[in-house]
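Structure file coords_34.cif (mmCIF, C-alpha atoms and all ligand atoms) follows.
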data_upload
loop_
_atom_site.group_PDB
_atom_site.id
_atom_site.type_symbol
_atom_site.label_atom_id
_atom_site.label_comp_id
_atom_site.auth_asym_id
_atom_site.auth_seq_id
_atom_site.Cartn_x
_atom_site.Cartn_y
_atom_site.Cartn_z
ATOM 1 C CA MET A 1 36.278 16.528 -2.842
ATOM 2 C CA ASN A 2 32.675 16.641 -1.594
ATOM 3 C CA ALA A 3 29.981 17.819 -4.000
ATOM 4 C CA PRO A 4 28.289 21.092 -3.055
ATOM 5 C CA ALA A 5 24.971 20.510 -1.244
ATOM 6 C CA GLU A 6 22.902 21.511 -4.270
ATOM 7 C CA LEU A 7 24.637 18.835 -6.374
ATOM 8 C CA VAL A 8 23.837 15.938 -4.088
ATOM 9 C CA PHE A 9 21.100 13.804 -5.642
ATOM 10 C CA ILE A 10 19.223 11.133 -3.727
ATOM 11 C CA LYS A 11 16.888 8.350 -4.648
ATOM 12 C CA GLN A 12 13.994 9.638 -2.566
ATOM 13 C CA HIS A 13 11.954 6.864 -1.007
ATOM 14 C CA LEU A 14 8.222 7.520 -1.482
ATOM 15 C CA ILE A 15 4.883 5.770 -0.901
ATOM 16 C CA ASP A 16 2.330 5.451 -3.707
ATOM 17 C CA PRO A 17 -0.905 6.894 -2.236
ATOM 18 C CA GLU A 18 -3.031 5.173 -4.894
ATOM 19 C CA ILE A 19 -1.942 1.711 -3.803
ATOM 20 C CA CYS A 20 -1.174 2.123 -0.075
ATOM 21 C CA ILE A 21 -3.883 0.600 2.123
ATOM 22 C CA ARG A 22 -2.816 2.586 5.216
ATOM 23 C CA CYS A 23 -2.088 -0.520 7.275
ATOM 24 C CA ASN A 24 0.644 1.177 9.369
ATOM 25 C CA THR A 25 3.058 -1.762 8.983
ATOM 26 C CA CYS A 26 5.870 0.372 7.580
ATOM 27 C CA GLU A 27 5.538 3.063 10.242
ATOM 28 C CA ALA A 28 5.642 0.425 12.985
ATOM 29 C CA ILE A 29 8.719 -1.236 11.472
ATOM 30 C CA CYS A 30 10.902 1.717 10.469
ATOM 31 C CA PRO A 31 13.828 1.771 12.931
ATOM 32 C CA VAL A 32 14.436 5.518 12.548
ATOM 33 C CA GLN A 33 10.818 6.767 12.610
ATOM 34 C CA ALA A 34 11.114 8.063 9.042
ATOM 35 C CA ILE A 35 7.487 7.206 8.229
ATOM 36 C CA THR A 36 4.522 9.178 9.444
ATOM 37 C CA HIS A 37 0.913 9.703 8.389
ATOM 38 C CA ASP A 38 -2.140 11.937 8.634
ATOM 39 C CA SER A 39 -5.764 10.911 8.192
ATOM 40 C CA ARG A 40 -5.069 10.300 4.499
ATOM 41 C CA ASN A 41 -1.478 9.521 3.472
ATOM 42 C CA TYR A 42 1.569 7.600 4.687
ATOM 43 C CA VAL A 43 4.766 9.524 3.885
ATOM 44 C CA VAL A 44 8.554 9.111 4.200
ATOM 45 C CA ASP A 45 10.858 11.784 5.629
ATOM 46 C CA ALA A 46 13.845 12.074 3.259
ATOM 47 C CA GLU A 47 15.908 13.598 6.067
ATOM 48 C CA LYS A 48 15.498 10.499 8.222
ATOM 49 C CA CYS A 49 15.267 7.568 5.774
ATOM 50 C CA ASN A 50 18.580 5.707 5.590
ATOM 51 C CA TRP A 51 17.530 3.186 2.874
ATOM 52 C CA CYS A 52 17.760 0.264 5.277
ATOM 53 C CA ASN A 53 14.873 -1.410 3.349
ATOM 54 C CA ASP A 54 13.323 -2.873 6.520
ATOM 55 C CA CYS A 55 9.917 -1.619 5.360
ATOM 56 C CA ILE A 56 9.989 -3.077 1.835
ATOM 57 C CA SER A 57 9.177 -6.771 2.349
ATOM 58 C CA PRO A 58 6.518 -6.339 5.064
ATOM 59 C CA CYS A 59 4.476 -3.854 2.987
ATOM 60 C CA PRO A 60 1.504 -5.930 1.764
ATOM 61 C CA THR A 61 0.973 -3.863 -1.375
ATOM 62 C CA GLY A 62 4.401 -2.868 -2.677
ATOM 63 C CA SER A 63 3.318 0.765 -2.508
ATOM 64 C CA ILE A 64 6.398 1.582 -0.427
ATOM 65 C CA ASP A 65 8.796 0.393 -3.114
ATOM 66 C CA ASN A 66 8.890 3.695 -5.009
ATOM 67 C CA TYR A 67 11.736 6.116 -5.600
ATOM 68 C CA ARG A 68 12.336 9.401 -7.381
ATOM 69 C CA THR A 69 15.767 10.892 -8.053
ATOM 70 C CA MET A 70 15.803 14.378 -6.584
ATOM 71 C CA PRO A 71 18.345 17.042 -5.572
ATOM 72 C CA ARG A 72 18.692 16.429 -1.822
ATOM 73 C CA ILE A 73 17.875 20.028 -0.941
ATOM 74 C CA LYS A 74 14.709 19.895 -3.104
ATOM 75 C CA ALA A 75 13.476 16.510 -1.875
ATOM 76 C CA TYR A 76 9.680 16.320 -1.615
ATOM 77 C CA SER A 77 8.741 17.541 1.868
ATOM 78 C CA LEU A 78 6.364 15.728 4.204
ATOM 79 C CA ALA A 79 3.820 18.539 3.743
ATOM 80 C CA GLU A 80 3.929 18.057 -0.042
ATOM 81 C CA GLN A 81 3.591 14.282 0.168
ATOM 82 C CA LEU A 82 0.582 14.578 2.472
ATOM 83 C CA THR A 83 -1.328 16.423 -0.272
ATOM 84 C CA TRP A 84 -0.688 13.807 -2.961
ATOM 85 C CA ASP A 85 -3.395 11.708 -4.585
ATOM 86 C CA GLU A 86 -0.778 10.056 -6.795
ATOM 87 C CA LEU A 87 2.998 9.937 -7.084
ATOM 88 C CA PRO A 88 4.608 12.669 -9.188
ATOM 89 C CA ALA A 89 6.317 11.545 -12.384
ATOM 90 C CA GLU A 90 10.082 11.022 -12.353
ATOM 91 C CA LEU A 91 11.767 14.284 -13.372
ATOM 92 C CA SER A 92 13.989 14.293 -16.427
ATOM 93 C CA ALA A 93 17.710 14.909 -15.912
ATOM 94 C CA ALA A 94 17.235 18.447 -17.288
ATOM 95 C CA GLU A 95 14.373 19.137 -14.880
ATOM 96 C CA ARG A 96 16.447 17.867 -11.968
ATOM 97 C CA GLN A 97 19.352 20.058 -12.985
ATOM 98 C CA ALA A 98 17.090 23.078 -13.244
ATOM 99 C CA LEU A 99 15.688 22.317 -9.806
ATOM 100 C CA ALA A 100 19.155 22.046 -8.304
ATOM 101 C CA GLY A 101 20.227 25.127 -10.253
ATOM 102 C CA ASP A 102 17.410 27.150 -8.641
ATOM 103 C CA SER A 103 19.302 26.937 -5.422
ATOM 104 C CA ALA A 104 22.787 26.978 -6.871
ATOM 105 C CA GLY A 105 22.188 30.126 -8.858
ATOM 106 C CA GLU A 106 22.783 28.319 -12.163
ATOM 107 C CA PRO A 107 22.254 24.797 -13.506
ATOM 108 C CA ARG A 108 25.150 22.441 -12.917
ATOM 109 C CA PRO A 109 26.064 19.031 -14.331
ATOM 110 C CA GLU A 110 24.269 16.172 -12.620
ATOM 111 C CA PRO A 111 26.650 13.701 -10.939
ATOM 112 C CA ALA A 112 26.610 10.280 -12.585
ATOM 113 C CA ALA A 113 26.544 8.301 -9.360
ATOM 114 C CA GLU A 114 23.549 8.347 -7.060
ATOM 115 C CA PRO A 115 23.676 7.326 -3.426
ATOM 116 C CA VAL A 116 22.720 3.718 -2.817
ATOM 117 C CA ALA A 117 21.591 1.938 0.329
ATOM 118 C CA GLN A 118 23.875 2.566 3.245
ATOM 119 C CA ALA A 119 26.122 -0.212 4.501
ATOM 120 C CA ASP A 120 24.636 -2.523 7.117
ATOM 121 C CA THR A 121 25.995 -1.532 10.526
ATOM 122 C CA THR A 122 24.465 -4.417 12.513
ATOM 123 C CA GLY A 123 27.166 -6.898 11.498
ATOM 124 C CA GLN A 124 24.491 -9.304 10.211
ATOM 125 C CA SER A 125 24.429 -10.347 6.586
ATOM 126 C CA ALA A 126 21.197 -9.721 4.685
ATOM 127 C CA PHE A 127 18.801 -12.693 4.307
ATOM 128 C CA ASN A 128 18.865 -13.767 0.670
ATOM 129 C CA SER A 129 15.631 -15.711 0.197
ATOM 130 C CA ALA A 130 16.473 -16.479 -3.432
ATOM 131 C CA ALA A 131 19.318 -18.690 -2.214
ATOM 132 C CA PHE A 132 16.788 -21.192 -0.836
ATOM 133 C CA GLY A 133 15.281 -23.604 -3.337
ATOM 134 C CA ALA A 134 11.968 -23.780 -1.481
ATOM 135 C CA THR A 135 11.128 -20.246 -2.592
ATOM 136 C CA VAL A 136 11.275 -21.241 -6.272
ATOM 137 C CA PRO A 137 7.875 -22.634 -7.306
ATOM 138 C CA PRO A 138 7.808 -25.887 -9.304
ATOM 139 C CA TRP A 139 7.261 -25.578 -13.071
ATOM 140 C CA SER A 140 3.719 -26.863 -12.623
ATOM 141 C CA ALA A 141 2.727 -24.207 -10.052
ATOM 142 C CA ALA A 142 -0.269 -22.060 -10.938
ATOM 143 C CA HIS A 143 0.630 -18.513 -11.840
ATOM 144 C CA ALA A 144 -0.911 -15.805 -9.674
ATOM 145 C CA TYR A 145 -2.196 -12.763 -11.513
ATOM 146 C CA THR A 146 -1.690 -9.518 -9.612
ATOM 147 C CA ASN A 147 -2.920 -5.996 -10.190
ATOM 148 C CA LEU A 148 -5.057 -6.965 -13.188
ATOM 149 C CA TYR A 149 -7.422 -4.232 -12.071
ATOM 150 C CA GLY A 150 -6.808 -1.184 -9.913
ATOM 151 C CA PRO A 151 -7.285 2.533 -9.361
ATOM 152 C CA LYS A 152 -4.424 3.613 -11.655
ATOM 153 C CA ALA A 153 -5.440 5.328 -14.880
ATOM 154 C CA ALA A 154 -3.961 2.490 -16.986
ATOM 155 C CA GLN A 155 -6.008 -0.079 -15.087
ATOM 156 C CA LYS A 156 -9.718 -0.221 -14.429
ATOM 157 C CA THR A 157 -11.763 -1.201 -11.450
ATOM 158 C CA VAL A 158 -14.367 -3.958 -11.508
ATOM 159 C CA THR A 159 -17.811 -3.924 -9.928
ATOM 160 C CA ALA A 160 -18.923 -7.232 -8.419
ATOM 161 C CA THR A 161 -22.368 -8.295 -7.237
ATOM 162 C CA VAL A 162 -22.914 -9.581 -3.703
ATOM 163 C CA VAL A 163 -24.666 -12.925 -4.158
ATOM 164 C CA GLY A 164 -24.236 -14.221 -0.609
ATOM 165 C CA ASN A 165 -23.926 -12.606 2.811
ATOM 166 C CA VAL A 166 -24.034 -14.805 5.910
ATOM 167 C CA ARG A 167 -23.300 -13.690 9.440
ATOM 168 C CA VAL A 168 -20.889 -16.165 11.046
ATOM 169 C CA THR A 169 -20.733 -14.710 14.574
ATOM 170 C CA GLU A 170 -23.430 -14.813 17.222
ATOM 171 C CA VAL A 171 -25.771 -11.844 17.565
ATOM 172 C CA GLY A 172 -25.218 -9.830 20.756
ATOM 173 C CA LYS A 173 -22.185 -8.936 22.771
ATOM 174 C CA GLN A 174 -19.560 -11.597 23.444
ATOM 175 C CA ALA A 175 -17.220 -10.772 26.339
ATOM 176 C CA GLY A 176 -18.467 -7.165 26.211
ATOM 177 C CA HIS A 177 -17.866 -6.675 22.484
ATOM 178 C CA ASP A 178 -19.876 -6.978 19.303
ATOM 179 C CA TYR A 179 -18.237 -9.366 16.853
ATOM 180 C CA ASP A 180 -20.101 -9.023 13.584
ATOM 181 C CA THR A 181 -18.311 -11.086 10.963
ATOM 182 C CA HIS A 182 -19.810 -12.028 7.615
ATOM 183 C CA HIS A 183 -19.001 -14.545 4.921
ATOM 184 C CA ILE A 184 -19.614 -12.616 1.698
ATOM 185 C CA VAL A 185 -19.768 -14.094 -1.806
ATOM 186 C CA LEU A 186 -18.965 -11.810 -4.742
ATOM 187 C CA ASP A 187 -19.884 -12.652 -8.329
ATOM 188 C CA PHE A 188 -17.909 -11.088 -11.182
ATOM 189 C CA GLY A 189 -20.284 -12.028 -13.982
ATOM 190 C CA SER A 190 -18.469 -12.218 -17.300
ATOM 191 C CA MET A 191 -15.441 -10.208 -16.123
ATOM 192 C CA PRO A 192 -12.333 -12.439 -15.829
ATOM 193 C CA PHE A 193 -11.126 -12.400 -12.212
ATOM 194 C CA PRO A 194 -8.562 -15.208 -11.742
ATOM 195 C CA VAL A 195 -7.357 -15.710 -8.155
ATOM 196 C CA LEU A 196 -5.301 -18.195 -6.179
ATOM 197 C CA GLU A 197 -5.639 -19.175 -2.537
ATOM 198 C CA GLY A 198 -3.767 -16.711 -0.319
ATOM 199 C CA GLN A 199 -4.347 -13.691 -2.527
ATOM 200 C CA SER A 200 -6.342 -10.708 -1.369
ATOM 201 C CA ILE A 201 -8.435 -8.184 -3.260
ATOM 202 C CA GLY A 202 -8.774 -4.436 -2.823
ATOM 203 C CA ILE A 203 -12.236 -2.980 -2.239
ATOM 204 C CA ILE A 204 -12.833 0.710 -2.933
ATOM 205 C CA PRO A 205 -15.842 1.861 -0.876
ATOM 206 C CA PRO A 206 -18.168 4.354 -2.587
ATOM 207 C CA GLY A 207 -18.226 8.001 -1.522
ATOM 208 C CA ALA A 208 -15.486 10.296 -0.299
ATOM 209 C CA ASP A 209 -13.369 10.745 2.824
ATOM 210 C CA ASP A 210 -13.441 13.756 5.165
ATOM 211 C CA LYS A 211 -11.258 15.675 2.687
ATOM 212 C CA GLY A 212 -13.660 15.017 -0.190
ATOM 213 C CA ARG A 213 -11.332 12.581 -1.938
ATOM 214 C CA PRO A 214 -12.278 9.060 -3.045
ATOM 215 C CA HIS A 215 -11.760 6.443 -0.343
ATOM 216 C CA HIS A 216 -8.561 4.438 -0.589
ATOM 217 C CA ALA A 217 -8.790 0.688 -1.176
ATOM 218 C CA ARG A 218 -9.021 -1.768 1.738
ATOM 219 C CA GLN A 219 -7.546 -5.223 1.359
ATOM 220 C CA TYR A 220 -9.541 -8.455 2.037
ATOM 221 C CA SER A 221 -8.147 -11.996 1.971
ATOM 222 C CA ILE A 222 -9.853 -14.421 -0.371
ATOM 223 C CA ALA A 223 -11.585 -17.088 1.723
ATOM 224 C CA SER A 224 -12.584 -19.460 -1.089
ATOM 225 C CA PRO A 225 -10.496 -21.816 -3.230
ATOM 226 C CA ARG A 226 -9.375 -20.738 -6.684
ATOM 227 C CA ASN A 227 -12.535 -22.039 -8.362
ATOM 228 C CA GLY A 228 -14.774 -20.059 -6.028
ATOM 229 C CA GLU A 229 -17.623 -21.049 -3.769
ATOM 230 C CA ARG A 230 -19.506 -22.762 -6.533
ATOM 231 C CA PRO A 231 -17.611 -24.324 -9.429
ATOM 232 C CA GLY A 232 -18.747 -23.078 -12.814
ATOM 233 C CA TYR A 233 -19.604 -19.642 -11.474
ATOM 234 C CA ASN A 234 -17.210 -16.685 -11.524
ATOM 235 C CA ASN A 235 -17.246 -15.966 -7.814
ATOM 236 C CA LEU A 236 -15.094 -15.768 -4.699
ATOM 237 C CA SER A 237 -15.763 -15.261 -1.005
ATOM 238 C CA LEU A 238 -14.437 -12.969 1.682
ATOM 239 C CA THR A 239 -14.768 -13.128 5.467
ATOM 240 C CA ILE A 240 -15.109 -9.607 6.793
ATOM 241 C CA LYS A 241 -15.234 -8.403 10.368
ATOM 242 C CA ARG A 242 -17.211 -5.224 10.794
ATOM 243 C CA VAL A 243 -14.976 -2.595 12.459
ATOM 244 C CA LEU A 244 -17.094 -1.067 15.234
ATOM 245 C CA GLU A 245 -14.316 0.182 17.526
ATOM 246 C CA ASP A 246 -10.980 1.825 16.753
ATOM 247 C CA HIS A 247 -7.718 0.514 18.167
ATOM 248 C CA GLN A 248 -8.345 2.542 21.349
ATOM 249 C CA GLY A 249 -11.784 0.923 21.849
ATOM 250 C CA GLN A 250 -13.697 4.080 20.884
ATOM 251 C CA PRO A 251 -16.886 3.527 18.826
ATOM 252 C CA VAL A 252 -16.253 4.003 15.103
ATOM 253 C CA ARG A 253 -17.789 2.609 11.932
ATOM 254 C CA GLY A 254 -15.054 1.363 9.622
ATOM 255 C CA VAL A 255 -15.766 2.606 6.111
ATOM 256 C CA ALA A 256 -15.157 -0.491 3.978
ATOM 257 C CA SER A 257 -16.055 -3.267 6.427
ATOM 258 C CA ASN A 258 -19.432 -1.663 7.163
ATOM 259 C CA PHE A 259 -20.072 -0.986 3.467
ATOM 260 C CA MET A 260 -19.454 -4.640 2.709
HETATM 261 C C1 LIG A 301 -3.488 -8.180 3.318
HETATM 262 C C2 LIG A 301 -4.714 -7.831 4.153
HETATM 263 C C3 LIG A 301 -5.764 -8.701 4.200
HETATM 264 C C4 LIG A 301 -6.883 -8.402 4.984
HETATM 265 N N1 LIG A 301 -7.908 -9.306 5.031
HETATM 266 C C5 LIG A 301 -8.978 -9.051 5.794
HETATM 267 C C6 LIG A 301 -10.050 -10.011 5.878
HETATM 268 O O1 LIG A 301 -9.998 -11.083 5.270
HETATM 269 N N2 LIG A 301 -11.134 -9.697 6.637
HETATM 270 C C7 LIG A 301 -11.215 -8.503 7.341
HETATM 271 O O2 LIG A 301 -12.223 -8.282 8.021
HETATM 272 N N3 LIG A 301 -10.204 -7.575 7.270
HETATM 273 C C8 LIG A 301 -9.116 -7.819 6.516
HETATM 274 N N4 LIG A 301 -8.114 -6.890 6.439
HETATM 275 C C9 LIG A 301 -8.323 -5.582 7.107
HETATM 276 C C10 LIG A 301 -9.103 -4.656 6.149
HETATM 277 O O3 LIG A 301 -8.318 -4.357 4.994
HETATM 278 C C11 LIG A 301 -9.484 -3.285 6.746
HETATM 279 O O4 LIG A 301 -8.329 -2.680 7.287
HETATM 280 C C12 LIG A 301 -10.541 -3.371 7.843
HETATM 281 O O5 LIG A 301 -11.731 -3.977 7.347
HETATM 282 C C13 LIG A 301 -10.893 -1.946 8.336
HETATM 283 O O6 LIG A 301 -11.330 -1.164 7.244
HETATM 284 P P1 LIG A 301 -12.513 -0.141 7.444
HETATM 285 O O7 LIG A 301 -12.614 0.669 6.198
HETATM 286 O O8 LIG A 301 -13.758 -0.839 7.888
HETATM 287 O O9 LIG A 301 -12.018 0.755 8.655
HETATM 288 P P2 LIG A 301 -11.394 2.235 8.532
HETATM 289 O O10 LIG A 301 -12.478 3.176 8.171
HETATM 290 O O11 LIG A 301 -10.203 2.146 7.648
HETATM 291 O O12 LIG A 301 -10.926 2.457 10.006
HETATM 292 C C14 LIG A 301 -11.804 2.988 10.991
HETATM 293 C C15 LIG A 301 -11.085 3.091 12.299
HETATM 294 O O13 LIG A 301 -10.901 1.769 12.824
HETATM 295 C C16 LIG A 301 -9.518 1.503 13.041
HETATM 296 N N5 LIG A 301 -9.341 0.110 12.607
HETATM 297 C C17 LIG A 301 -9.082 -0.328 11.367
HETATM 298 N N6 LIG A 301 -9.034 -1.680 11.341
HETATM 299 C C18 LIG A 301 -9.277 -2.098 12.591
HETATM 300 C C19 LIG A 301 -9.350 -3.371 13.216
HETATM 301 N N7 LIG A 301 -9.190 -4.509 12.511
HETATM 302 N N8 LIG A 301 -9.620 -3.406 14.550
HETATM 303 C C20 LIG A 301 -9.805 -2.269 15.266
HETATM 304 N N9 LIG A 301 -9.728 -1.033 14.735
HETATM 305 C C21 LIG A 301 -9.467 -0.944 13.423
HETATM 306 C C22 LIG A 301 -8.781 2.512 12.199
HETATM 307 O O14 LIG A 301 -7.534 2.839 12.818
HETATM 308 C C23 LIG A 301 -9.708 3.716 12.234
HETATM 309 O O15 LIG A 301 -9.543 4.446 13.412
HETATM 310 C C24 LIG A 301 -6.971 -7.176 5.692
HETATM 311 C C25 LIG A 301 -5.909 -6.282 5.630
HETATM 312 C C26 LIG A 301 -4.772 -6.603 4.881
HETATM 313 C C27 LIG A 301 -3.625 -5.645 4.857
HETATM 314 S S1 LIG A 302 13.997 2.232 4.105
HETATM 315 FE FE1 LIG A 302 14.404 1.959 6.327
HETATM 316 S S2 LIG A 302 14.684 4.058 7.115
HETATM 317 FE FE2 LIG A 302 13.692 4.255 5.091
HETATM 318 S S3 LIG A 302 11.499 4.342 5.552
HETATM 319 FE FE3 LIG A 302 11.987 2.180 5.131
HETATM 320 S S4 LIG A 302 12.420 1.275 7.175
HETATM 321 FE FE4 LIG A 302 12.500 3.526 7.401
HETATM 322 S S1 LIG A 303 0.411 -0.467 2.459
HETATM 323 FE FE1 LIG A 303 2.671 -0.413 2.609
HETATM 324 S S2 LIG A 303 3.151 1.790 2.447
HETATM 325 FE FE2 LIG A 303 0.979 1.677 2.942
HETATM 326 S S3 LIG A 303 0.889 1.820 5.211
HETATM 327 FE FE3 LIG A 303 0.932 -0.399 4.670
HETATM 328 S S4 LIG A 303 3.129 -0.949 4.779
HETATM 329 FE FE4 LIG A 303 3.005 1.322 4.656
#
Would you mind writing the structure in this file as structure tokens?
Ligand SMILES: Cc1cc2nc3c(=O)[nH]c(=O)nc-3n(C[C@H](O)[C@H](O)[C@H](O)COP(=O)(O)OP(=O)(O)OC[C@H]3O[C@@H](n4cnc5c(N)ncnc54)[C@H](O)[C@@H]3O)c2cc1C
Ligand code: SF4
Ligand code: SF4
Amino acid sequence: MNAPAELVFIKQHLIDPEICIRCNTCEAICPVQAITHDSRNYVVDAEKCNWCNDCISPCPTGSIDNYRTMPRIKAYSLAEQLTWDELPAELSAAERQALAGDSAGEPRPEPAAEPVAQADTTGQSAFNSAAFGATVPPWSAAHAYTNLYGPKAAQKTVTATVVGNVRVTEVGKQAGHDYDTHHIVLDFGSMPFPVLEGQSIGIIPPGADDKGRPHHARQYSIASPRNGERPGYNNLSLTIKRVLEDHQGQPVRGVASNFM
């Protein structure tokens, strides 16, 4: 027997707006166009998402790997998600029941089983990277620290000092475009900031966006080795291209790249 609509609970797939860097990767990848965005947030349509997980691995921040158990008919709408500055807390079972009961007329018992990812219909088996030894680092491999600092309340951000800023592209237009790229050295003083080659850091530009909210973080790849530009100093370098045109070629001044 099928459960009444108000008793169907889903694991609603959501994007953490505090961590998302608005890179558009997930929206470009989603095979059912479940992901959309406005000038601020990337959001997932619960009506369209089929839990195929195609967007999980390509997301550079992990912000898309978030779920909340919700009554299907009370799933967070796109309009709600677009207003979020942070993800809502997971509701308790009692709160979920009450929410479902709003529509059912009275609270009902929550079903034990929740829907899981739908079966693969492509006929291809999923790629299991863990089955390949090469993905397991040797015992001696350096351990990468991630998310030591961040915008979440439990974390804290770090302010670095720019101690080097060298333009690495020629001045003037090249092939009709300005390419203004800088090698920038950041010093963290006495604040521990361990990094490994291949990691990137998030920069939060000062000020607010057009809705008056703090700018979201932009990601920049670390361009120096793990011991920095100058051994013995607590620094790292970035190579940043100033964004002067949008993807359509219209003049624009990218917030973070121009700040840096
Ligand atoms: C993992 C990762 C590592 C990265 N590493 C680097 C790095 O090492 N160096 C670096 O310069 N950037 C790097 N980026 C890109 C960087 O995070 C920013 O997206 C970029 O600097 C634009 O930010 P902005 O605030 O200046 O522009 P925004 O204010 O965010 O954007 C302004 C406008 O420009 C458009 N736009 C954004 N980026 C580009 C672009 N590249 N070309 C054309 N139009 C654009 C936007 O759609 C928007 O319309 C990295 C991104 C990721 C995800
Ligand atoms: S899980 Fe699949 S359907 Fe859902 S948002 Fe990600 S790519 Fe789209
Ligand atoms: S950071 Fe992740 S969730 Fe945000 S737009 Fe990029 S791929 Fe999507």
Could you write out as an NGL selection string the residues that the PyMOL selection byres (((chain A and resi 61) around 9) and not hetatm) matches in the shown file? :A and (19-21 or 58-60 or 62-64)
For the structure shown, which residues end up in the PyMOL selection byres (((chain A and resi 14) around 7) and not hetatm)? Put them as a list in words, please?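 Against this file, the PyMOL selection byres (((chain A and resi 14) around 7) and not hetatm) returns the residues Gln12, His13, Ile15, Asp16, Val43, Val44, Ile64, Asn66 and Tyr67 of chain A.
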Selection file, C-alpha atoms, as a short mmCIF file (atom, residue, chain, number, x, y, z; two decimals), keeping the file's coordinate frame:
data_model
loop_
_atom_site.label_atom_id
_atom_site.label_comp_id
_atom_site.auth_asym_id
_atom_site.auth_seq_id
_atom_site.Cartn_x
_atom_site.Cartn_y
_atom_site.Cartn_z
CA GLN A 12 13.99 9.64 -2.57
CA HIS A 13 11.95 6.86 -1.01
CA ILE A 15 4.88 5.77 -0.90
CA ASP A 16 2.33 5.45 -3.71
CA VAL A 43 4.77 9.52 3.88
CA VAL A 44 8.55 9.11 4.20
CA ILE A 64 6.40 1.58 -0.43
CA ASN A 66 8.89 3.70 -5.01
CA TYR A 67 11.74 6.12 -5.60
#
Residues near Pro206 (chain A), cut-off 10 Å, all atoms listed in the file, skip fewer than 3 positions along chain, as a PyMOL selection string: chain A and resi 203+209+214-216+255-256+259
From the options A:Ala142, A:Ala217, A:Ile184, A:Met191, which residue's atoms come nearest to ligand LIG 303 (chain A), counting only C-alpha atoms and all ligand atoms?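 For ligand LIG 303 (chain A), the nearest of the given residues is A:Ala217.
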Record the distance separating CA of Lys241 (chain A) and CA of Gly228 (chain A), expressed in Å with one decimal.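 The value is 20.1 Å.
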What's the 10 Å shell around Glu90 (chain A), counting all atoms listed in the file, without same-chain residues fewer than 4 positions away, as a PyMOL selection string? chain A and resi 67-70+95-96
In Å, rounded to a single decimal, give me how far CA of Glu197 (chain A) is from CA of Thr181 (chain A).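 The value is 20.2 Å.
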Using all atoms listed in the file, which protein or nucleic acid residues are at most 10 Å from ligand LIG 301 (chain A), as number ranges by chain? A: 20-25, 39, 59-61, 180-183, 198-205, 209, 215-223, 237-260
Choose the residue, out of A:Phe9, A:Tyr179, A:Tyr145, A:Tyr76, that has the smallest atom-to-atom separation from Ala100 (chain A); count all atoms listed in the file. A:Phe9
Near-ligand residues for ligand LIG 302 (chain A), threshold 6 Å, all atoms listed in the file, as a PyMOL selection string: chain A and resi 30-32+34-35+44+49-55
Expressed in Å to a single decimal, how great is the separation between atom FE4 of ligand LIG 303 (chain A) and CA of Ser77 (chain A)?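 Between atom FE4 of ligand LIG 303 (chain A) and CA of Ser77 (chain A) the gap is 17.4 Å.
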Centre and size of axis-aligned box enclosing ligand LIG 303 (chain A) plus 3 Å each side, as lines of an AutoDock Vina configuration file:
center_x = 1.8
center_y = 0.4
center_z = 3.8
size_x = 8.7
size_y = 8.8
size_z = 8.8
Find the spatial neighbours of region 149-162 of chain A, counting all atoms listed in the file, within a cut-off of 6 Å - ignore same-chain residues fewer than 3 positions away - and output them as JSON, numbers by chain. {"A": [185, 186, 187, 188]}
Using all atoms listed in the file for the distances, tell me which of A:Asp65, A:Gln33, A:Ala46, A:Asn165 is nearest to ligand LIG 303 (chain A). A:Asp65
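Take the candidates A:Pro17, A:Ile10, A:His143, A:Ala28 and check each one against Glu47 (chain A) using all atoms listed in the file; the shortest distance goes to A:Ile10.
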Which is closer to Ala79 (chain A) than all the others in A:Asn235, A:Asn41, A:Asn227, A:Gln97, using all atoms listed in the file?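 So, comparing all the options, the nearest one is A:Asn41.
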For ligand LIG 303 (chain A), the nearest of the candidates A:Leu91, A:Val8, A:Val163, A:Ile56, counting all atoms listed in the file: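 Distance minimum relative to ligand LIG 303 (chain A) lands on A:Ile56.
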